[in-house]
>>> print(open('my_file.tsv').read())   # TSV, C-alpha atoms
chain	number	residue	atom	x	y	z
N	1	MET	CA	-17.22	21.30	-6.53
N	2	LYS	CA	-20.36	20.44	-4.58
N	3	ASN	CA	-20.25	17.83	-1.83
N	4	LYS	CA	-22.58	15.45	-3.64
N	5	GLU	CA	-20.44	15.62	-6.80
N	6	MET	CA	-17.24	14.92	-4.86
N	7	GLU	CA	-18.86	12.04	-2.99
N	8	GLU	CA	-19.92	10.55	-6.34
N	9	LYS	CA	-16.43	11.00	-7.83
N	10	VAL	CA	-14.84	9.29	-4.79
N	11	SER	CA	-17.30	6.38	-5.06
N	12	VAL	CA	-16.67	5.97	-8.79
N	13	TYR	CA	-12.88	6.11	-8.29
N	14	LEU	CA	-13.05	3.44	-5.58
N	15	MET	CA	-15.10	1.10	-7.76
N	16	GLU	CA	-12.98	1.63	-10.87
N	17	ASN	CA	-9.70	1.14	-8.99
N	18	TYR	CA	-10.69	-1.71	-6.70
N	19	GLU	CA	-8.03	-4.05	-8.13
N	20	ASN	CA	-5.19	-1.55	-7.61
N	21	LEU	CA	-6.29	-0.82	-4.05
N	22	TYR	CA	-6.68	-4.55	-3.40
N	23	ARG	CA	-3.13	-5.27	-4.62
N	24	ILE	CA	-1.72	-2.66	-2.24
N	25	ALA	CA	-3.71	-4.14	0.64
N	26	TYR	CA	-2.70	-7.69	-0.34
N	27	SER	CA	0.97	-6.75	-0.38
N	28	TYR	CA	0.64	-5.88	3.30
N	29	MET	CA	-1.88	-8.42	4.53
N	30	LYS	CA	-0.63	-11.50	2.60
N	31	ASN	CA	-4.07	-13.08	2.36
N	32	ARG	CA	-7.22	-12.54	0.36
N	33	GLU	CA	-9.74	-12.10	3.16
N	34	ASP	CA	-7.72	-9.55	5.11
N	35	ALA	CA	-6.92	-7.60	1.95
N	36	MET	CA	-10.60	-7.48	1.07
N	37	ASP	CA	-11.39	-6.31	4.62
N	38	VAL	CA	-8.80	-3.53	4.28
N	39	VAL	CA	-10.24	-2.33	0.97
N	40	GLN	CA	-13.77	-2.44	2.35
N	41	GLU	CA	-12.79	-0.53	5.50
N	42	SER	CA	-10.79	1.95	3.41
N	43	ALA	CA	-13.74	2.56	1.09
N	44	TYR	CA	-15.95	3.19	4.09
N	45	LYS	CA	-13.43	5.66	5.52
N	46	ALA	CA	-13.05	7.39	2.15
N	47	ILE	CA	-16.76	7.83	1.60
N	48	ARG	CA	-17.29	8.90	5.22
N	49	SER	CA	-14.64	11.62	5.03
N	50	PHE	CA	-14.74	12.69	1.38
N	51	GLU	CA	-15.08	16.35	2.45
N	52	GLN	CA	-11.32	16.39	3.10
N	53	ILE	CA	-10.65	16.28	-0.64
N	54	ARG	CA	-10.43	19.67	-2.28
N	55	THR	CA	-9.87	18.67	-5.91
N	56	GLN	CA	-10.59	15.63	-8.03
N	57	GLY	CA	-6.84	15.22	-8.64
N	58	GLN	CA	-6.30	14.33	-4.99
N	59	ILE	CA	-8.66	11.34	-4.97
N	60	ALA	CA	-6.08	8.76	-6.12
N	61	SER	CA	-3.27	9.65	-3.72
N	62	TRP	CA	-5.75	10.13	-0.88
N	63	SER	CA	-7.27	6.66	-1.55
N	64	TYR	CA	-3.84	4.98	-1.59
N	65	GLN	CA	-2.97	6.74	1.64
N	66	ILE	CA	-6.11	5.41	3.33
N	67	VAL	CA	-5.44	1.83	2.12
N	68	ILE	CA	-1.83	1.92	3.32
N	69	ARG	CA	-2.73	3.31	6.73
N	70	THR	CA	-5.64	0.91	7.15
N	71	SER	CA	-3.37	-2.02	6.23
N	72	ILE	CA	-0.74	-0.96	8.75
N	73	ASP	CA	-3.37	-0.44	11.45
N	74	MET	CA	-4.89	-3.86	10.78
N	75	LEU	CA	-1.45	-5.50	10.89
N	76	ARG	CA	-0.74	-3.88	14.25
N	77	LYS	CA	-4.07	-5.14	15.61
N	78	LYS	CA	-3.34	-8.64	14.30
N	79	LYS	CA	0.10	-8.64	15.94
N	80	LYS	CA	-1.52	-7.82	19.26
N	81	GLU	CA	-4.07	-10.60	18.78
N	82	VAL	CA	-1.67	-13.26	17.54
N	83	VAL	CA	1.41	-12.41	19.68
N	84	GLY	CA	4.06	-14.94	18.80
N	85	ILE	CA	1.85	-17.37	16.86
N	86	GLU	CA	2.56	-17.70	13.17
N	87	GLU	CA	-0.39	-18.51	10.96
N	88	TYR	CA	-0.19	-20.74	7.96
N	89	GLN	CA	-1.32	-18.77	4.94
N	90	GLU	CA	-2.09	-20.12	1.53
N	91	GLY	CA	0.38	-18.77	-1.02
N	92	GLY	CA	-0.62	-15.82	-3.20
N	93	MET	CA	-3.18	-17.21	-5.63
N	94	GLU	CA	-4.59	-13.69	-5.90
N	95	ASP	CA	-1.26	-11.89	-5.76
N	96	LYS	CA	-0.23	-10.04	-8.91
N	97	TYR	CA	3.30	-9.65	-7.52
N	98	GLU	CA	4.74	-12.94	-8.65
N	99	ASP	CA	8.39	-12.71	-7.61
N	100	VAL	CA	8.28	-14.49	-4.26
N	101	ASP	CA	11.94	-13.77	-3.39
N	102	VAL	CA	11.46	-10.04	-3.85
N	103	MET	CA	8.18	-10.00	-1.89
N	104	LYS	CA	9.81	-12.01	0.89
N	105	SER	CA	12.75	-9.61	0.91
N	106	LEU	CA	10.41	-6.65	1.37
N	107	GLU	CA	9.77	-7.93	4.89
N	108	ILE	CA	13.17	-6.59	6.00
N	109	LEU	CA	12.10	-3.04	5.17
N	110	SER	CA	10.29	-0.61	7.43
N	111	GLU	CA	6.62	-0.01	6.63
N	112	GLU	CA	7.51	3.34	5.03
N	113	GLU	CA	10.26	1.85	2.85
N	114	LYS	CA	8.02	-1.06	1.87
N	115	SER	CA	5.22	1.34	0.87
N	116	ILE	CA	7.59	3.37	-1.29
N	117	ILE	CA	8.96	0.28	-3.09
N	118	ILE	CA	5.47	-1.12	-3.72
N	119	LEU	CA	4.10	2.18	-4.99
N	120	LYS	CA	7.15	2.89	-7.17
N	121	TYR	CA	7.87	-0.50	-8.72
N	122	PHE	CA	4.69	-2.55	-8.43
N	123	GLU	CA	2.10	0.20	-8.85
N	124	GLU	CA	4.36	2.32	-11.11
N	125	ARG	CA	3.66	5.60	-9.31
N	126	LYS	CA	5.88	8.64	-9.80
N	127	LEU	CA	7.98	9.95	-6.91
N	128	LYS	CA	5.90	13.12	-6.76
N	129	GLU	CA	2.70	11.11	-6.33
N	130	ILE	CA	4.34	8.85	-3.73
N	131	ALA	CA	5.37	11.97	-1.82
N	132	GLU	CA	1.74	13.13	-1.84
N	133	ILE	CA	0.48	9.73	-0.70
N	134	MET	CA	3.05	9.51	2.09
N	135	MET	CA	2.71	13.22	2.96
N	136	GLU	CA	6.47	13.74	2.74
N	137	SER	CA	8.74	15.83	0.56
N	138	GLU	CA	9.93	14.34	-2.70
N	139	ASN	CA	13.55	14.47	-1.46
N	140	THR	CA	12.62	12.47	1.63
N	141	ILE	CA	10.97	9.85	-0.58
N	142	LYS	CA	14.06	9.71	-2.83
N	143	SER	CA	16.40	9.14	0.10
N	144	ARG	CA	14.13	6.46	1.62
N	145	LEU	CA	13.85	4.78	-1.77
N	146	TYR	CA	17.64	4.77	-2.15
N	147	ARG	CA	18.08	3.35	1.37
N	148	ALA	CA	15.41	0.68	0.77
N	149	LEU	CA	16.95	-0.37	-2.55
N	150	LYS	CA	20.33	-0.68	-0.88
N	151	LYS	CA	18.85	-2.95	1.83
N	152	LEU	CA	17.08	-5.05	-0.80
N	153	LYS	CA	20.24	-5.42	-2.86
N	154	VAL	CA	22.11	-6.72	0.17
N	155	GLU	CA	19.25	-9.07	1.12
N	156	LEU	CA	18.78	-10.47	-2.39
N	157	THR	CA	22.52	-10.88	-2.83
N	158	ILE	CA	22.75	-12.85	0.42
N	159	GLU	CA	19.76	-15.02	-0.53
N	160	SER	CA	21.23	-15.84	-3.91
N	161	GLY	CA	24.57	-16.73	-2.34
N	162	GLU	CA	26.52	-14.16	-4.30
N	163	ILE	CA	29.43	-12.32	-2.79
N	164	LEU	CA	29.07	-8.55	-2.69
>>> encode(input="my_file.tsv", output="structure tokens")
Amino acid sequence: MKNKEMEEKVSVYLMENYENLYRIAYSYMKNREDAMDVVQESAYKAIRSFEQIRTQGQIASWSYQIVIRTSIDMLRKKKKEVVGIEEYQEGGMEDKYEDVDVMKSLEILSEEEKSIIILKYFEERKLKEIAEIMMESENTIKSRLYRALKKLKVELTIESGEIL
């Protein structure tokens, strides 16, 4: 495929899947403006480096990968800027993920575990695709998913006051 064709396909994919990419970014950033910044920065990175894509089938996983990494990078920068100060954030008017207890519980997970849970259960991605996005083997993703679900079960059980 010619470079111009691939660049066009990447651009079209980004525009058609803006909402999905935004939801991933929002799940990390927890506010509208930062999520929009992440998607914008991710789109810029994707269009700037589209030559890395070899086939059209890689565009989706590659785009998710960029959004996740950009979100994590932006969070790290914010932590350095804010150091110890908690910001008040307006609650998720734009958030499609409506179960506040589950979203709050995701905070106990590592960034990798959180990404896997979001991609699997909120974005309904298959394990094979998640493995591509995360650049890990499918078995590694399965074991991290199992570990993350176990942590969430404990956390949600404690929050609800149930005895294990």
>>> closest_residue(input="my_file.tsv", among="N:Ser42, N:Thr157, N:Gln58, N:Asn3", to="N:Tyr22", atoms="only C-alpha atoms")
N:Ser42
>>> residues_around(input="my_file.tsv", residues="N:Glu107", least_positions_apart="3", cutoff="12 Å", atoms="all atoms listed in the file", output="PyMOL selection string")
chain N and resi 27-30+100-104+110-115+117-118+148+151-152+155-156
>>> closest_residue(input="my_file.tsv", among="N:Leu127, N:Leu106, N:Val67, N:Met135", to="N:Lys45", atoms="all atoms listed in the file")
N:Val67
>>> residues_near_point(input="my_file.tsv", point="(-0.9, 4.1, 6.0)", cutoff="10 Å", atoms="all atoms listed in the file", output="VMD selection string")
chain N and resid 64 to 73 111 to 112 115 133 to 134
>>> closest_residue(input="my_file.tsv", among="N:Lys79, N:Val38, N:Ala25, N:Val10", to="N:Thr55", atoms="all atoms listed in the file")
N:Val10
>>> atom_distance(input="my_file.tsv", atom1="atom CA of N:Val12", atom2="atom CA of N:Asp34")
22.7 Å
>>> residues_around(input="my_file.tsv", residues="N:Glu8", least_positions_apart="3", cutoff="12 Å", atoms="all atoms listed in the file", output="PyMOL selection string")
chain N and resi 1-5+11-15+46-48+50-51+56+59
>>> closest_residue(input="my_file.tsv", among="N:Glu132, N:Glu7, N:Glu138, N:Glu124", to="N:Trp62", atoms="all atoms listed in the file")
N:Glu132
>>> axis_aligned_box(input="my_file.tsv", around="stretch 108-119 of chain N", padding_each_side="3 Å", output="JSON")
{"center_x": 8.6, "center_y": -1.6, "center_z": 1.2, "size_x": 15.1, "size_y": 16.0, "size_z": 18.4}
>>> atom_distance(input="my_file.tsv", atom1="atom CA of N:Ile141", atom2="atom CA of N:Met36")
27.7 Å
>>> atom_distance(input="my_file.tsv", atom1="atom CA of N:Glu129", atom2="atom CA of N:Val154")
27.1 Å
>>> closest_residue(input="my_file.tsv", among="N:Ala43, N:Arg147, N:Glu19, N:Arg76", to="N:Ser63", atoms="all atoms listed in the file")
N:Ala43
>>> closest_residue(input="my_file.tsv", among="N:Ile130, N:Ala60, N:Ile53, N:Ile116", to="N:Glu16", atoms="all atoms listed in the file")
N:Ala60
>>> decode(input="my_file.tsv", residues="stretch 21-41 of chain N", atoms="N, CA, C and O atoms", output="compact mmCIF listing (two decimals), in the first residue's frame")
# COMPACT_ATOMS: atom_id res chain seq x y z
N LEU N 21 -11.84 6.14 20.99
CA LEU N 21 -10.53 6.59 21.47
C LEU N 21 -10.70 7.57 22.63
O LEU N 21 -9.95 7.52 23.61
N TYR N 22 -11.71 8.42 22.54
CA TYR N 22 -12.00 9.36 23.61
C TYR N 22 -12.36 8.63 24.91
O TYR N 22 -11.89 8.99 26.00
N ARG N 23 -13.20 7.59 24.81
CA ARG N 23 -13.59 6.85 26.02
C ARG N 23 -12.38 6.22 26.70
O ARG N 23 -12.28 6.22 27.93
N ILE N 24 -11.47 5.67 25.91
CA ILE N 24 -10.25 5.10 26.49
C ILE N 24 -9.47 6.20 27.21
O ILE N 24 -9.05 6.04 28.36
N ALA N 25 -9.27 7.32 26.55
CA ALA N 25 -8.54 8.44 27.15
C ALA N 25 -9.25 8.93 28.41
O ALA N 25 -8.62 9.18 29.44
N TYR N 26 -10.59 9.04 28.35
CA TYR N 26 -11.35 9.53 29.50
C TYR N 26 -11.22 8.59 30.69
O TYR N 26 -11.14 9.03 31.84
N SER N 27 -11.16 7.30 30.43
CA SER N 27 -11.05 6.34 31.53
C SER N 27 -9.75 6.52 32.30
O SER N 27 -9.68 6.20 33.47
N TYR N 28 -8.75 7.05 31.65
CA TYR N 28 -7.48 7.34 32.32
C TYR N 28 -7.48 8.75 32.93
O TYR N 28 -7.07 8.94 34.06
N MET N 29 -7.90 9.72 32.15
CA MET N 29 -7.72 11.12 32.53
C MET N 29 -8.78 11.64 33.50
O MET N 29 -8.55 12.57 34.23
N LYS N 30 -9.97 11.08 33.46
CA LYS N 30 -11.07 11.42 34.37
C LYS N 30 -11.66 12.81 34.16
O LYS N 30 -12.41 13.29 34.98
N ASN N 31 -11.28 13.49 33.10
CA ASN N 31 -11.96 14.74 32.77
C ASN N 31 -11.93 15.00 31.27
O ASN N 31 -11.06 14.51 30.56
N ARG N 32 -12.91 15.73 30.84
CA ARG N 32 -13.17 15.94 29.42
C ARG N 32 -12.01 16.60 28.69
O ARG N 32 -11.58 16.14 27.64
N GLU N 33 -11.50 17.68 29.24
CA GLU N 33 -10.47 18.45 28.56
C GLU N 33 -9.19 17.64 28.38
O GLU N 33 -8.60 17.64 27.30
N ASP N 34 -8.76 16.96 29.43
CA ASP N 34 -7.54 16.16 29.33
C ASP N 34 -7.72 14.99 28.35
O ASP N 34 -6.81 14.66 27.59
N ALA N 35 -8.90 14.39 28.37
CA ALA N 35 -9.17 13.28 27.44
C ALA N 35 -9.13 13.78 26.00
O ALA N 35 -8.56 13.12 25.12
N MET N 36 -9.70 14.94 25.76
CA MET N 36 -9.65 15.51 24.42
C MET N 36 -8.21 15.84 24.00
O MET N 36 -7.83 15.61 22.85
N ASP N 37 -7.42 16.35 24.95
CA ASP N 37 -6.01 16.61 24.67
C ASP N 37 -5.27 15.33 24.30
O ASP N 37 -4.45 15.32 23.38
N VAL N 38 -5.56 14.25 25.02
CA VAL N 38 -4.91 12.96 24.75
C VAL N 38 -5.26 12.48 23.34
O VAL N 38 -4.38 12.06 22.59
N VAL N 39 -6.54 12.56 22.99
CA VAL N 39 -6.95 12.09 21.66
C VAL N 39 -6.32 12.95 20.57
O VAL N 39 -5.83 12.43 19.56
N GLN N 40 -6.29 14.24 20.81
CA GLN N 40 -5.68 15.15 19.82
C GLN N 40 -4.19 14.85 19.66
O GLN N 40 -3.68 14.74 18.55
N GLU N 41 -3.49 14.72 20.77
CA GLU N 41 -2.06 14.40 20.73
C GLU N 41 -1.82 13.03 20.09
O GLU N 41 -0.89 12.85 19.30
